[in-house]
$ cat model19.cif   # mmCIF, C-alpha atoms and all ligand atoms; chains and numbers go by the auth columns
data_entry
#
loop_
_atom_site.group_PDB
_atom_site.id
_atom_site.type_symbol
_atom_site.label_atom_id
_atom_site.label_comp_id
_atom_site.label_asym_id
_atom_site.label_seq_id
_atom_site.Cartn_x
_atom_site.Cartn_y
_atom_site.Cartn_z
_atom_site.B_iso_or_equiv
_atom_site.auth_seq_id
_atom_site.auth_asym_id
ATOM 1 C CA MET A 1 106.744 98.317 91.448 0.00 27 A
ATOM 2 C CA THR A 2 108.150 101.804 91.554 0.00 28 A
ATOM 3 C CA PHE A 3 106.920 105.249 92.547 0.00 29 A
ATOM 4 C CA ARG A 4 108.906 108.257 91.319 0.00 30 A
ATOM 5 C CA ASN A 5 108.135 111.843 92.398 0.00 31 A
ATOM 6 C CA VAL A 6 104.479 110.954 92.796 0.00 32 A
ATOM 7 C CA ARG A 7 101.885 113.475 93.910 0.00 33 A
ATOM 8 C CA VAL A 8 98.140 112.988 93.792 0.00 34 A
ATOM 9 C CA LEU A 9 96.135 116.198 94.034 0.00 35 A
ATOM 10 C CA ALA A 10 92.361 116.537 94.296 0.00 36 A
ATOM 11 C CA GLY A 11 90.553 119.869 94.468 0.00 37 A
ATOM 12 C CA GLN A 12 92.640 122.184 96.605 0.00 38 A
ATOM 13 C CA GLY A 13 94.414 119.437 98.505 0.00 39 A
ATOM 14 C CA GLN A 14 97.109 116.805 98.207 0.00 40 A
ATOM 15 C CA LEU A 15 95.965 113.220 98.806 0.00 41 A
ATOM 16 C CA LEU A 16 99.303 111.473 98.566 0.00 42 A
ATOM 17 C CA GLU A 17 102.972 112.195 98.021 0.00 43 A
ATOM 18 C CA ILE A 18 105.559 109.447 97.410 0.00 44 A
ATOM 19 C CA PRO A 19 108.932 110.817 96.284 0.00 45 A
ATOM 20 C CA HIS A 20 110.708 107.470 95.791 0.00 46 A
ATOM 21 C CA LEU A 21 109.611 103.934 96.606 0.00 47 A
ATOM 22 C CA ASP A 22 110.524 100.521 95.164 0.00 48 A
ATOM 23 C CA LEU A 23 108.482 97.506 96.214 0.00 49 A
ATOM 24 C CA THR A 24 109.946 94.114 95.324 0.00 50 A
ATOM 25 C CA GLU A 25 108.606 91.811 98.050 0.00 51 A
ATOM 26 C CA GLN A 26 105.924 89.237 97.278 0.00 52 A
ATOM 27 C CA ARG A 27 103.703 90.163 100.241 0.00 53 A
ATOM 28 C CA ILE A 28 103.295 93.782 101.314 0.00 54 A
ATOM 29 C CA SER A 29 100.906 95.307 103.833 0.00 55 A
ATOM 30 C CA VAL A 30 99.773 98.921 104.150 0.00 56 A
ATOM 31 C CA ILE A 31 98.538 100.257 107.478 0.00 57 A
ATOM 32 C CA GLY A 32 97.615 103.642 108.883 0.00 58 A
ATOM 33 C CA PRO A 33 94.810 105.835 110.174 0.00 59 A
ATOM 34 C CA ASN A 34 91.494 106.459 108.418 0.00 60 A
ATOM 35 C CA GLY A 35 91.869 108.858 105.536 0.00 61 A
ATOM 36 C CA GLY A 36 95.664 108.481 105.564 0.00 62 A
ATOM 37 C CA GLY A 37 95.925 107.449 101.921 0.00 63 A
ATOM 38 C CA LYS A 38 96.074 103.616 101.914 0.00 64 A
ATOM 39 C CA SER A 39 93.308 103.115 99.337 0.00 65 A
ATOM 40 C CA THR A 40 94.722 105.882 97.185 0.00 66 A
ATOM 41 C CA LEU A 41 98.120 104.132 97.216 0.00 67 A
ATOM 42 C CA LEU A 42 96.553 100.806 96.210 0.00 68 A
ATOM 43 C CA GLN A 43 94.600 102.464 93.421 0.00 69 A
ATOM 44 C CA LEU A 44 97.770 104.138 92.140 0.00 70 A
ATOM 45 C CA VAL A 45 99.335 100.691 91.773 0.00 71 A
ATOM 46 C CA ASN A 46 96.863 99.567 89.090 0.00 72 A
ATOM 47 C CA GLY A 47 96.114 102.965 87.596 0.00 73 A
ATOM 48 C CA LEU A 48 92.606 103.393 89.026 0.00 74 A
ATOM 49 C CA VAL A 49 94.052 106.637 90.392 0.00 75 A
ATOM 50 C CA GLU A 50 96.503 108.455 88.137 0.00 76 A
ATOM 51 C CA PRO A 51 99.327 110.482 89.632 0.00 77 A
ATOM 52 C CA THR A 52 98.936 114.227 89.084 0.00 78 A
ATOM 53 C CA GLU A 53 102.733 114.388 88.972 0.00 79 A
ATOM 54 C CA GLY A 54 105.394 111.712 88.673 0.00 80 A
ATOM 55 C CA ARG A 55 105.179 108.101 87.536 0.00 81 A
ATOM 56 C CA VAL A 56 104.107 104.752 88.929 0.00 82 A
ATOM 57 C CA SER A 57 105.055 101.497 87.286 0.00 83 A
ATOM 58 C CA THR A 58 103.790 98.029 88.161 0.00 84 A
ATOM 59 C CA GLU A 59 104.966 94.757 86.630 0.00 85 A
ATOM 60 C CA GLY A 60 107.179 96.914 84.400 0.00 86 A
ATOM 61 C CA LEU A 61 104.155 98.762 82.998 0.00 87 A
ATOM 62 C CA ASP A 62 103.483 102.480 83.313 0.00 88 A
ATOM 63 C CA THR A 63 100.149 102.780 85.120 0.00 89 A
ATOM 64 C CA VAL A 64 98.933 105.638 82.917 0.00 90 A
ATOM 65 C CA GLU A 65 100.319 104.799 79.488 0.00 91 A
ATOM 66 C CA GLN A 66 99.805 101.044 79.809 0.00 92 A
ATOM 67 C CA GLY A 67 96.901 101.110 82.257 0.00 93 A
ATOM 68 C CA ARG A 68 94.666 98.787 80.290 0.00 94 A
ATOM 69 C CA GLN A 69 97.350 96.144 79.884 0.00 95 A
ATOM 70 C CA LEU A 70 98.257 96.553 83.543 0.00 96 A
ATOM 71 C CA ARG A 71 94.701 96.017 84.752 0.00 97 A
ATOM 72 C CA GLN A 72 94.667 92.683 82.905 0.00 98 A
ATOM 73 C CA CYS A 73 97.426 91.414 85.171 0.00 99 A
ATOM 74 C CA THR A 74 96.373 93.057 88.447 0.00 100 A
ATOM 75 C CA GLY A 75 93.314 92.159 90.463 0.00 101 A
ATOM 76 C CA PHE A 76 91.528 94.366 92.994 0.00 102 A
ATOM 77 C CA VAL A 77 89.373 93.124 95.871 0.00 103 A
ATOM 78 C CA PHE A 78 87.459 95.731 97.884 0.00 104 A
ATOM 79 C CA SER A 79 86.227 95.533 101.460 0.00 105 A
ATOM 80 C CA ASN A 80 82.601 95.503 100.346 0.00 106 A
ATOM 81 C CA PRO A 81 82.188 92.420 98.134 0.00 107 A
ATOM 82 C CA ALA A 82 78.533 93.143 97.331 0.00 108 A
ATOM 83 C CA ALA A 83 79.692 96.122 95.259 0.00 109 A
ATOM 84 C CA GLN A 84 81.882 93.798 93.199 0.00 110 A
ATOM 85 C CA LEU A 85 79.192 91.220 92.410 0.00 111 A
ATOM 86 C CA VAL A 86 76.910 92.414 89.654 0.00 112 A
ATOM 87 C CA MET A 87 75.408 89.211 88.227 0.00 113 A
ATOM 88 C CA PRO A 88 72.626 87.076 89.745 0.00 114 A
ATOM 89 C CA THR A 89 74.907 84.121 90.584 0.00 115 A
ATOM 90 C CA PRO A 90 78.595 83.579 91.449 0.00 116 A
ATOM 91 C CA LEU A 91 79.081 81.429 88.347 0.00 117 A
ATOM 92 C CA GLU A 92 77.867 84.235 86.083 0.00 118 A
ATOM 93 C CA ASP A 93 80.060 86.778 87.844 0.00 119 A
ATOM 94 C CA VAL A 94 83.177 84.644 87.341 0.00 120 A
ATOM 95 C CA GLU A 95 82.152 84.052 83.708 0.00 121 A
ATOM 96 C CA LEU A 96 81.757 87.812 83.290 0.00 122 A
ATOM 97 C CA SER A 97 85.358 88.300 84.393 0.00 123 A
ATOM 98 C CA LEU A 98 86.457 85.831 81.722 0.00 124 A
ATOM 99 C CA ARG A 99 84.397 87.344 78.885 0.00 125 A
ATOM 100 C CA ARG A 100 87.413 88.861 77.115 0.00 126 A
ATOM 101 C CA SER A 101 89.989 86.160 77.753 0.00 127 A
ATOM 102 C CA VAL A 102 87.858 83.073 77.000 0.00 128 A
ATOM 103 C CA ARG A 103 85.610 83.616 73.974 0.00 129 A
ATOM 104 C CA ASP A 104 83.955 80.196 73.851 0.00 130 A
ATOM 105 C CA SER A 105 81.035 80.081 76.280 0.00 131 A
ATOM 106 C CA ALA A 106 81.308 76.361 77.172 0.00 132 A
ATOM 107 C CA GLN A 107 85.020 76.758 77.795 0.00 133 A
ATOM 108 C CA ARG A 108 84.317 79.891 79.839 0.00 134 A
ATOM 109 C CA ARG A 109 81.836 78.018 81.998 0.00 135 A
ATOM 110 C CA ARG A 110 84.357 75.216 82.603 0.00 136 A
ATOM 111 C CA ALA A 111 87.065 77.716 83.561 0.00 137 A
ATOM 112 C CA ALA A 112 84.691 79.559 85.922 0.00 138 A
ATOM 113 C CA LEU A 113 83.622 76.321 87.610 0.00 139 A
ATOM 114 C CA GLN A 114 87.251 75.303 87.961 0.00 140 A
ATOM 115 C CA THR A 115 88.098 78.563 89.747 0.00 141 A
ATOM 116 C CA LEU A 116 85.134 78.204 92.110 0.00 142 A
ATOM 117 C CA ALA A 117 86.216 74.620 92.837 0.00 143 A
ATOM 118 C CA GLU A 118 89.814 75.717 93.436 0.00 144 A
ATOM 119 C CA LEU A 119 88.567 78.166 96.072 0.00 145 A
ATOM 120 C CA GLY A 120 86.355 75.481 97.626 0.00 146 A
ATOM 121 C CA ILE A 121 83.096 77.270 96.772 0.00 147 A
ATOM 122 C CA ALA A 122 81.782 75.213 93.848 0.00 148 A
ATOM 123 C CA ASP A 123 78.618 74.626 95.894 0.00 149 A
ATOM 124 C CA LEU A 124 77.836 78.368 95.682 0.00 150 A
ATOM 125 C CA ALA A 125 78.019 78.475 91.857 0.00 151 A
ATOM 126 C CA GLU A 126 74.306 78.765 91.177 0.00 152 A
ATOM 127 C CA ARG A 127 73.127 80.402 94.392 0.00 153 A
ATOM 128 C CA SER A 128 71.786 83.944 94.440 0.00 154 A
ATOM 129 C CA SER A 129 74.802 86.220 95.047 0.00 155 A
ATOM 130 C CA GLN A 130 72.758 88.743 96.984 0.00 156 A
ATOM 131 C CA GLU A 131 71.638 86.034 99.423 0.00 157 A
ATOM 132 C CA LEU A 132 75.152 84.882 100.293 0.00 158 A
ATOM 133 C CA SER A 133 76.787 85.858 103.564 0.00 159 A
ATOM 134 C CA SER A 134 79.484 88.553 103.494 0.00 160 A
ATOM 135 C CA GLY A 135 82.145 85.880 103.918 0.00 161 A
ATOM 136 C CA GLN A 136 80.816 83.860 100.991 0.00 162 A
ATOM 137 C CA GLN A 137 80.484 87.020 98.883 0.00 163 A
ATOM 138 C CA GLN A 138 84.068 87.956 99.649 0.00 164 A
ATOM 139 C CA LEU A 139 85.276 84.537 98.469 0.00 165 A
ATOM 140 C CA VAL A 140 83.236 84.943 95.279 0.00 166 A
ATOM 141 C CA ALA A 141 84.723 88.423 94.739 0.00 167 A
ATOM 142 C CA LEU A 142 88.162 86.828 95.134 0.00 168 A
ATOM 143 C CA ALA A 143 87.193 84.157 92.572 0.00 169 A
ATOM 144 C CA THR A 144 86.151 86.798 90.018 0.00 170 A
ATOM 145 C CA VAL A 145 89.624 88.302 90.285 0.00 171 A
ATOM 146 C CA LEU A 146 91.754 85.144 90.608 0.00 172 A
ATOM 147 C CA THR A 147 90.135 83.497 87.600 0.00 173 A
ATOM 148 C CA LEU A 148 92.123 85.960 85.474 0.00 174 A
ATOM 149 C CA ARG A 149 95.391 84.690 87.033 0.00 175 A
ATOM 150 C CA PRO A 150 96.660 88.135 88.072 0.00 176 A
ATOM 151 C CA ARG A 151 100.344 88.597 88.811 0.00 177 A
ATOM 152 C CA THR A 152 99.544 91.218 91.455 0.00 178 A
ATOM 153 C CA LEU A 153 96.550 91.179 93.779 0.00 179 A
ATOM 154 C CA LEU A 154 95.471 94.373 95.552 0.00 180 A
ATOM 155 C CA LEU A 155 93.341 93.801 98.643 0.00 181 A
ATOM 156 C CA ASP A 156 91.680 96.838 100.193 0.00 182 A
ATOM 157 C CA GLU A 157 90.587 95.937 103.732 0.00 183 A
ATOM 158 C CA PRO A 158 89.385 92.548 102.485 0.00 184 A
ATOM 159 C CA THR A 159 88.523 91.055 105.874 0.00 185 A
ATOM 160 C CA THR A 160 86.766 94.060 107.446 0.00 186 A
ATOM 161 C CA LEU A 161 83.276 92.607 107.071 0.00 187 A
ATOM 162 C CA LEU A 162 84.241 89.028 107.889 0.00 188 A
ATOM 163 C CA ASP A 163 83.995 87.138 111.168 0.00 189 A
ATOM 164 C CA LEU A 164 87.098 85.422 112.525 0.00 190 A
ATOM 165 C CA ALA A 165 86.493 82.087 110.782 0.00 191 A
ATOM 166 C CA ASN A 166 85.768 83.658 107.396 0.00 192 A
ATOM 167 C CA ALA A 167 88.649 86.119 107.703 0.00 193 A
ATOM 168 C CA ALA A 168 90.978 83.180 108.433 0.00 194 A
ATOM 169 C CA ARG A 169 89.590 81.184 105.508 0.00 195 A
ATOM 170 C CA PHE A 170 89.932 84.162 103.167 0.00 196 A
ATOM 171 C CA THR A 171 93.522 84.770 104.264 0.00 197 A
ATOM 172 C CA GLN A 172 94.442 81.089 103.918 0.00 198 A
ATOM 173 C CA LEU A 173 93.093 81.032 100.379 0.00 199 A
ATOM 174 C CA VAL A 174 95.055 84.125 99.432 0.00 200 A
ATOM 175 C CA ARG A 175 98.193 82.526 100.928 0.00 201 A
ATOM 176 C CA SER A 176 97.714 79.333 98.969 0.00 202 A
ATOM 177 C CA MET A 177 97.244 81.348 95.752 0.00 203 A
ATOM 178 C CA GLU A 178 100.397 83.319 96.521 0.00 204 A
ATOM 179 C CA ARG A 179 102.307 80.046 96.785 0.00 205 A
ATOM 180 C CA LYS A 180 100.669 78.172 93.941 0.00 206 A
ATOM 181 C CA HIS A 181 100.612 80.938 91.340 0.00 207 A
ATOM 182 C CA ARG A 182 103.421 83.167 92.712 0.00 208 A
ATOM 183 C CA ILE A 183 100.976 86.076 93.032 0.00 209 A
ATOM 184 C CA ARG A 184 102.225 89.261 94.683 0.00 210 A
ATOM 185 C CA THR A 185 99.820 90.805 97.154 0.00 211 A
ATOM 186 C CA ILE A 186 99.463 94.286 98.591 0.00 212 A
ATOM 187 C CA THR A 187 96.950 94.424 101.425 0.00 213 A
ATOM 188 C CA ALA A 188 95.641 97.618 103.029 0.00 214 A
ATOM 189 C CA THR A 189 94.271 96.723 106.423 0.00 215 A
ATOM 190 C CA HIS A 190 93.425 97.820 109.952 0.00 216 A
ATOM 191 C CA ASP A 191 93.990 94.217 111.081 0.00 217 A
ATOM 192 C CA LEU A 192 97.501 94.425 112.500 0.00 218 A
ATOM 193 C CA GLU A 193 97.838 90.638 112.757 0.00 219 A
ATOM 194 C CA LEU A 194 97.178 90.363 109.032 0.00 220 A
ATOM 195 C CA ALA A 195 99.589 93.247 108.401 0.00 221 A
ATOM 196 C CA ALA A 196 102.288 91.552 110.486 0.00 222 A
ATOM 197 C CA ALA A 197 102.264 88.492 108.207 0.00 223 A
ATOM 198 C CA ALA A 198 103.737 90.527 105.319 0.00 224 A
ATOM 199 C CA GLU A 199 107.397 90.722 104.315 0.00 225 A
ATOM 200 C CA ARG A 200 107.292 94.507 104.304 0.00 226 A
ATOM 201 C CA THR A 201 104.854 97.022 105.760 0.00 227 A
ATOM 202 C CA LEU A 202 104.160 100.630 104.801 0.00 228 A
ATOM 203 C CA LEU A 203 102.672 103.081 107.292 0.00 229 A
ATOM 204 C CA VAL A 204 100.672 105.687 105.373 0.00 230 A
ATOM 205 C CA ALA A 205 99.398 108.717 107.260 0.00 231 A
ATOM 206 C CA GLY A 206 98.585 112.295 106.258 0.00 232 A
ATOM 207 C CA GLY A 207 99.120 111.384 102.601 0.00 233 A
ATOM 208 C CA LYS A 208 102.722 110.201 103.075 0.00 234 A
ATOM 209 C CA VAL A 209 104.582 106.951 103.673 0.00 235 A
ATOM 210 C CA VAL A 210 105.779 107.918 107.138 0.00 236 A
ATOM 211 C CA ALA A 211 107.488 104.606 107.976 0.00 237 A
ATOM 212 C CA GLU A 212 108.232 101.415 106.098 0.00 238 A
ATOM 213 C CA GLY A 213 110.202 98.210 106.510 0.00 239 A
ATOM 214 C CA GLU A 214 110.036 95.205 108.807 0.00 240 A
ATOM 215 C CA PRO A 215 106.347 94.715 109.778 0.00 241 A
ATOM 216 C CA GLN A 216 106.726 94.502 113.559 0.00 242 A
ATOM 217 C CA GLU A 217 108.834 97.667 113.685 0.00 243 A
ATOM 218 C CA VAL A 218 106.416 99.600 111.491 0.00 244 A
ATOM 219 C CA ILE A 219 103.426 98.369 113.521 0.00 245 A
ATOM 220 C CA ALA A 220 105.181 99.486 116.710 0.00 246 A
ATOM 221 C CA ALA A 221 105.746 102.925 115.155 0.00 247 A
ATOM 222 C CA TYR A 222 102.059 103.084 114.235 0.00 248 A
ATOM 223 C CA ARG A 223 101.023 102.178 117.791 0.00 249 A
ATOM 224 C CA ARG A 224 103.346 104.862 119.152 0.00 250 A
ATOM 225 C CA CYS A 225 101.961 107.602 116.923 0.00 251 A
ATOM 226 C CA SER A 226 98.347 106.511 117.512 0.00 252 A
ATOM 227 C CA THR A 227 98.617 106.608 121.272 0.00 253 A
ATOM 228 C CA GLY A 228 100.508 109.891 121.241 0.00 254 A
HETATM 229 N N1 LIG B . 88.360 111.073 94.654 0.00 1 B
HETATM 230 C C1 LIG B . 88.685 111.791 95.721 0.00 1 B
HETATM 231 N N2 LIG B . 88.540 113.130 95.723 0.00 1 B
HETATM 232 C C2 LIG B . 88.867 113.872 96.781 0.00 1 B
HETATM 233 N N3 LIG B . 89.343 113.372 97.929 0.00 1 B
HETATM 234 C C3 LIG B . 89.508 112.045 97.986 0.00 1 B
HETATM 235 C C4 LIG B . 89.197 111.179 96.899 0.00 1 B
HETATM 236 N N4 LIG B . 89.484 109.896 97.280 0.00 1 B
HETATM 237 C C5 LIG B . 89.955 109.959 98.532 0.00 1 B
HETATM 238 N N5 LIG B . 89.970 111.240 98.960 0.00 1 B
HETATM 239 C C6 LIG B . 90.506 111.724 100.245 0.00 1 B
HETATM 240 O O1 LIG B . 91.842 111.284 100.294 0.00 1 B
HETATM 241 C C7 LIG B . 92.232 110.975 101.611 0.00 1 B
HETATM 242 C C8 LIG B . 92.803 109.567 101.654 0.00 1 B
HETATM 243 O O2 LIG B . 91.758 108.647 101.433 0.00 1 B
HETATM 244 P P1 LIG B . 92.011 107.086 101.370 0.00 1 B
HETATM 245 O O3 LIG B . 90.675 106.439 101.067 0.00 1 B
HETATM 246 O O4 LIG B . 93.130 106.791 100.465 0.00 1 B
HETATM 247 O O5 LIG B . 92.431 106.749 102.874 0.00 1 B
HETATM 248 P P2 LIG B . 92.529 105.366 103.640 0.00 1 B
HETATM 249 O O6 LIG B . 93.826 105.393 104.360 0.00 1 B
HETATM 250 O O7 LIG B . 92.298 104.232 102.692 0.00 1 B
HETATM 251 O O8 LIG B . 91.336 105.487 104.681 0.00 1 B
HETATM 252 P P3 LIG B . 90.406 104.389 105.405 0.00 1 B
HETATM 253 O O9 LIG B . 91.259 103.649 106.372 0.00 1 B
HETATM 254 O O10 LIG B . 89.375 105.231 106.066 0.00 1 B
HETATM 255 O O11 LIG B . 89.816 103.515 104.313 0.00 1 B
HETATM 256 C C9 LIG B . 90.990 111.170 102.452 0.00 1 B
HETATM 257 O O12 LIG B . 91.064 112.430 103.069 0.00 1 B
HETATM 258 C C10 LIG B . 89.846 111.127 101.460 0.00 1 B
HETATM 259 O O13 LIG B . 88.760 111.900 101.886 0.00 1 B
#
$ encode --input "model19.cif" --output "structure tokens"
Amino acid sequence: MTFRNVRVLAGQGQLLEIPHLDLTEQRISVIGPNGGGKSTLLQLVNGLVEPTEGRVSTEGLDTVEQGRQLRQCTGFVFSNPAAQLVMPTPLEDVELSLRRSVRDSAQRRRAALQTLAELGIADLAERSSQELSSGQQQLVALATVLTLRPRTLLLDEPTTLLDLANAARFTQLVRSMERKHRIRTITATHDLELAAAAERTLLVAGGKVVAEGEPQEVIAAYRRCSTG
């Protein structure tokens, strides 16, 4: 994906500025202080946020002109899964994701069940979504996105609400999907261990990419600027 002369303005201020950035790695992490611009960067990648100036292109598609097409091949998982689950049960939520791509309802049900099984959560299919734990909800949110076989997966602090075991399970599942379906992932996170497992890391602070490259070096730079 590419960013060219990008500026995002809101009200009187500038949220993000990225003059020139090409991202080609399969696994990218984005770190930085609160309010630095990580979520804004992720949302630029699939056109949820449009650049005020400049252009962003993902999977060869312009995020503004081809935003709809782009959102069919990019998935977004937020830190708060409850906000992403709108139907009474996980099965119905995954079916909802498939409503445009699989017209036949029996076929849609089979595809939804297959995705839940692939993520090891078939037993949750008919439970009440609101009664699931945060970890279970986050896996269901992942299922609603992965069922569409995205080429790029955007993860915005996906493990923030999860305990260690669930965070590890979530990360393992994302890894196996990366391998199996060659999905590219961009993960914004405050979990520096998770960030370190990427091929390339961006440090976003004050609305700019202030460092980027090899994860350990970028994490070290972040630690230096955070501790003064
Ligand atoms: N729609 C908006 N309108 C105005 N300001 C916004 C909007 N969205 C985000 N901001 C501001 O943009 C800045 C960057 O926010 P962003 O959510 O991208 O940061 P972040 O690095 O993801 O932060 P955190 O780690 O706290 O989630 C913040 O100052 C935020 O208040």
$ resolve_selection --input "model19.cif" --expression "the PyMOL selection byres (((chain A and resi 58) around 6) and not hetatm)" --output "count of residues only"
5
$ residues_near_ligand --input "model19.cif" --ligand "ligand LIG 1 (chain B)" --cutoff "9 Å" --atoms "all atoms listed in the file" --output "JSON list (two decimals) with C-alpha atoms, keeping the file's coordinate frame"
[["chain", "number", "residue", "atom", "x", "y", "z"],
["A", 35, "LEU", "CA", 96.14, 116.20, 94.03],
["A", 36, "ALA", "CA", 92.36, 116.54, 94.30],
["A", 37, "GLY", "CA", 90.55, 119.87, 94.47],
["A", 39, "GLY", "CA", 94.41, 119.44, 98.50],
["A", 40, "GLN", "CA", 97.11, 116.80, 98.21],
["A", 41, "LEU", "CA", 95.96, 113.22, 98.81],
["A", 42, "LEU", "CA", 99.30, 111.47, 98.57],
["A", 56, "VAL", "CA", 99.77, 98.92, 104.15],
["A", 57, "ILE", "CA", 98.54, 100.26, 107.48],
["A", 58, "GLY", "CA", 97.62, 103.64, 108.88],
["A", 59, "PRO", "CA", 94.81, 105.84, 110.17],
["A", 60, "ASN", "CA", 91.49, 106.46, 108.42],
["A", 61, "GLY", "CA", 91.87, 108.86, 105.54],
["A", 62, "GLY", "CA", 95.66, 108.48, 105.56],
["A", 63, "GLY", "CA", 95.92, 107.45, 101.92],
["A", 64, "LYS", "CA", 96.07, 103.62, 101.91],
["A", 65, "SER", "CA", 93.31, 103.12, 99.34],
["A", 66, "THR", "CA", 94.72, 105.88, 97.18],
["A", 67, "LEU", "CA", 98.12, 104.13, 97.22],
["A", 68, "LEU", "CA", 96.55, 100.81, 96.21],
["A", 69, "GLN", "CA", 94.60, 102.46, 93.42],
["A", 75, "VAL", "CA", 94.05, 106.64, 90.39],
["A", 182, "ASP", "CA", 91.68, 96.84, 100.19],
["A", 183, "GLU", "CA", 90.59, 95.94, 103.73],
["A", 214, "ALA", "CA", 95.64, 97.62, 103.03],
["A", 215, "THR", "CA", 94.27, 96.72, 106.42],
["A", 216, "HIS", "CA", 93.42, 97.82, 109.95],
["A", 230, "VAL", "CA", 100.67, 105.69, 105.37],
["A", 231, "ALA", "CA", 99.40, 108.72, 107.26],
["A", 232, "GLY", "CA", 98.58, 112.30, 106.26],
["A", 233, "GLY", "CA", 99.12, 111.38, 102.60]]
$ atom_distance --input "model19.cif" --atom1 "atom CA of A:Ser123" --atom2 "atom CA of A:Thr173"
7.5 Å
$ atom_distance --input "model19.cif" --atom1 "atom CA of A:Leu150" --atom2 "atom CA of A:Asp217"
27.4 Å
$ residues_around --input "model19.cif" --residues "A:Arg210" --least-positions-apart "3" --cutoff "12 Å" --atoms "all atoms listed in the file" --output "VMD selection string"
chain A and resid 27 49 to 55 84 to 85 99 to 102 172 175 to 181 200 to 207 213 224 to 225
$ residues_around --input "model19.cif" --residues "A:Ser155" --least-positions-apart "2" --cutoff "9 Å" --atoms "all atoms listed in the file" --output "PyMOL selection string"
chain A and resi 108+111-116+119+150-153+157-159+162-163+166
$ resolve_selection --input "model19.cif" --expression "the PyMOL selection byres (((chain A and resi 142-144) around 9) and not hetatm)" --output "list of chain:residue names"
A:Pro116, A:Leu117, A:Val120, A:Ala137, A:Ala138, A:Leu139, A:Gln140, A:Thr141, A:Leu145, A:Gly146, A:Ile147, A:Ala148, A:Asp149, A:Leu150, A:Ala151, A:Leu165, A:Val166, A:Ala169, A:Thr170, A:Thr173
$ axis_aligned_box --input "model19.cif" --around "stretch 185-196 of chain A" --padding-each-side "8 Å" --output "lines of an AutoDock Vina configuration file"
center_x = 87.1
center_y = 87.6
center_z = 107.8
size_x = 23.7
size_y = 28.9
size_z = 25.4
$ resolve_selection --input "model19.cif" --expression "the PyMOL selection byres (((chain A and resi 241) around 12) and not hetatm)" --output "ChimeraX atom specification"
/A:53-57,218-229,237-240,242-248
$ build_atoms --input "model19.cif" --residues "stretch 102-116 of chain A" --atoms "N, CA and C atoms" --output "JSON list (two decimals), keeping the file's coordinate frame"
[["chain", "number", "residue", "atom", "x", "y", "z"],
["A", 102, "PHE", "N", 91.83, 93.48, 91.86],
["A", 102, "PHE", "CA", 91.53, 94.37, 92.99],
["A", 102, "PHE", "C", 90.34, 93.80, 93.74],
["A", 103, "VAL", "N", 90.49, 93.58, 95.05],
["A", 103, "VAL", "CA", 89.37, 93.12, 95.87],
["A", 103, "VAL", "C", 89.09, 94.20, 96.92],
["A", 104, "PHE", "N", 87.85, 94.65, 96.97],
["A", 104, "PHE", "CA", 87.46, 95.73, 97.88],
["A", 104, "PHE", "C", 86.90, 95.15, 99.19],
["A", 105, "SER", "N", 86.74, 96.02, 100.17],
["A", 105, "SER", "CA", 86.23, 95.53, 101.46],
["A", 105, "SER", "C", 84.75, 95.15, 101.37],
["A", 106, "ASN", "N", 84.03, 95.80, 100.45],
["A", 106, "ASN", "CA", 82.60, 95.50, 100.35],
["A", 106, "ASN", "C", 82.34, 94.64, 99.11],
["A", 107, "PRO", "N", 82.28, 93.31, 99.30],
["A", 107, "PRO", "CA", 82.19, 92.42, 98.13],
["A", 107, "PRO", "C", 80.91, 92.60, 97.35],
["A", 108, "ALA", "N", 79.81, 93.03, 98.03],
["A", 108, "ALA", "CA", 78.53, 93.14, 97.33],
["A", 108, "ALA", "C", 78.67, 94.11, 96.15],
["A", 109, "ALA", "N", 79.51, 95.13, 96.32],
["A", 109, "ALA", "CA", 79.69, 96.12, 95.26],
["A", 109, "ALA", "C", 80.40, 95.52, 94.05],
["A", 110, "GLN", "N", 81.09, 94.39, 94.28],
["A", 110, "GLN", "CA", 81.88, 93.80, 93.20],
["A", 110, "GLN", "C", 81.11, 92.71, 92.44],
["A", 111, "LEU", "N", 79.97, 92.30, 93.03],
["A", 111, "LEU", "CA", 79.19, 91.22, 92.41],
["A", 111, "LEU", "C", 77.98, 91.83, 91.71],
["A", 112, "VAL", "N", 77.96, 91.72, 90.40],
["A", 112, "VAL", "CA", 76.91, 92.41, 89.65],
["A", 112, "VAL", "C", 75.93, 91.46, 88.98],
["A", 113, "MET", "N", 76.26, 90.18, 88.91],
["A", 113, "MET", "CA", 75.41, 89.21, 88.23],
["A", 113, "MET", "C", 74.55, 88.45, 89.25],
["A", 114, "PRO", "N", 73.50, 87.78, 88.79],
["A", 114, "PRO", "CA", 72.63, 87.08, 89.74],
["A", 114, "PRO", "C", 73.32, 85.96, 90.52],
["A", 115, "THR", "N", 74.26, 85.25, 89.88],
["A", 115, "THR", "CA", 74.91, 84.12, 90.58],
["A", 115, "THR", "C", 76.43, 84.24, 90.54],
["A", 116, "PRO", "N", 77.13, 83.58, 91.47],
["A", 116, "PRO", "CA", 78.60, 83.58, 91.45],
["A", 116, "PRO", "C", 79.17, 83.07, 90.13]]
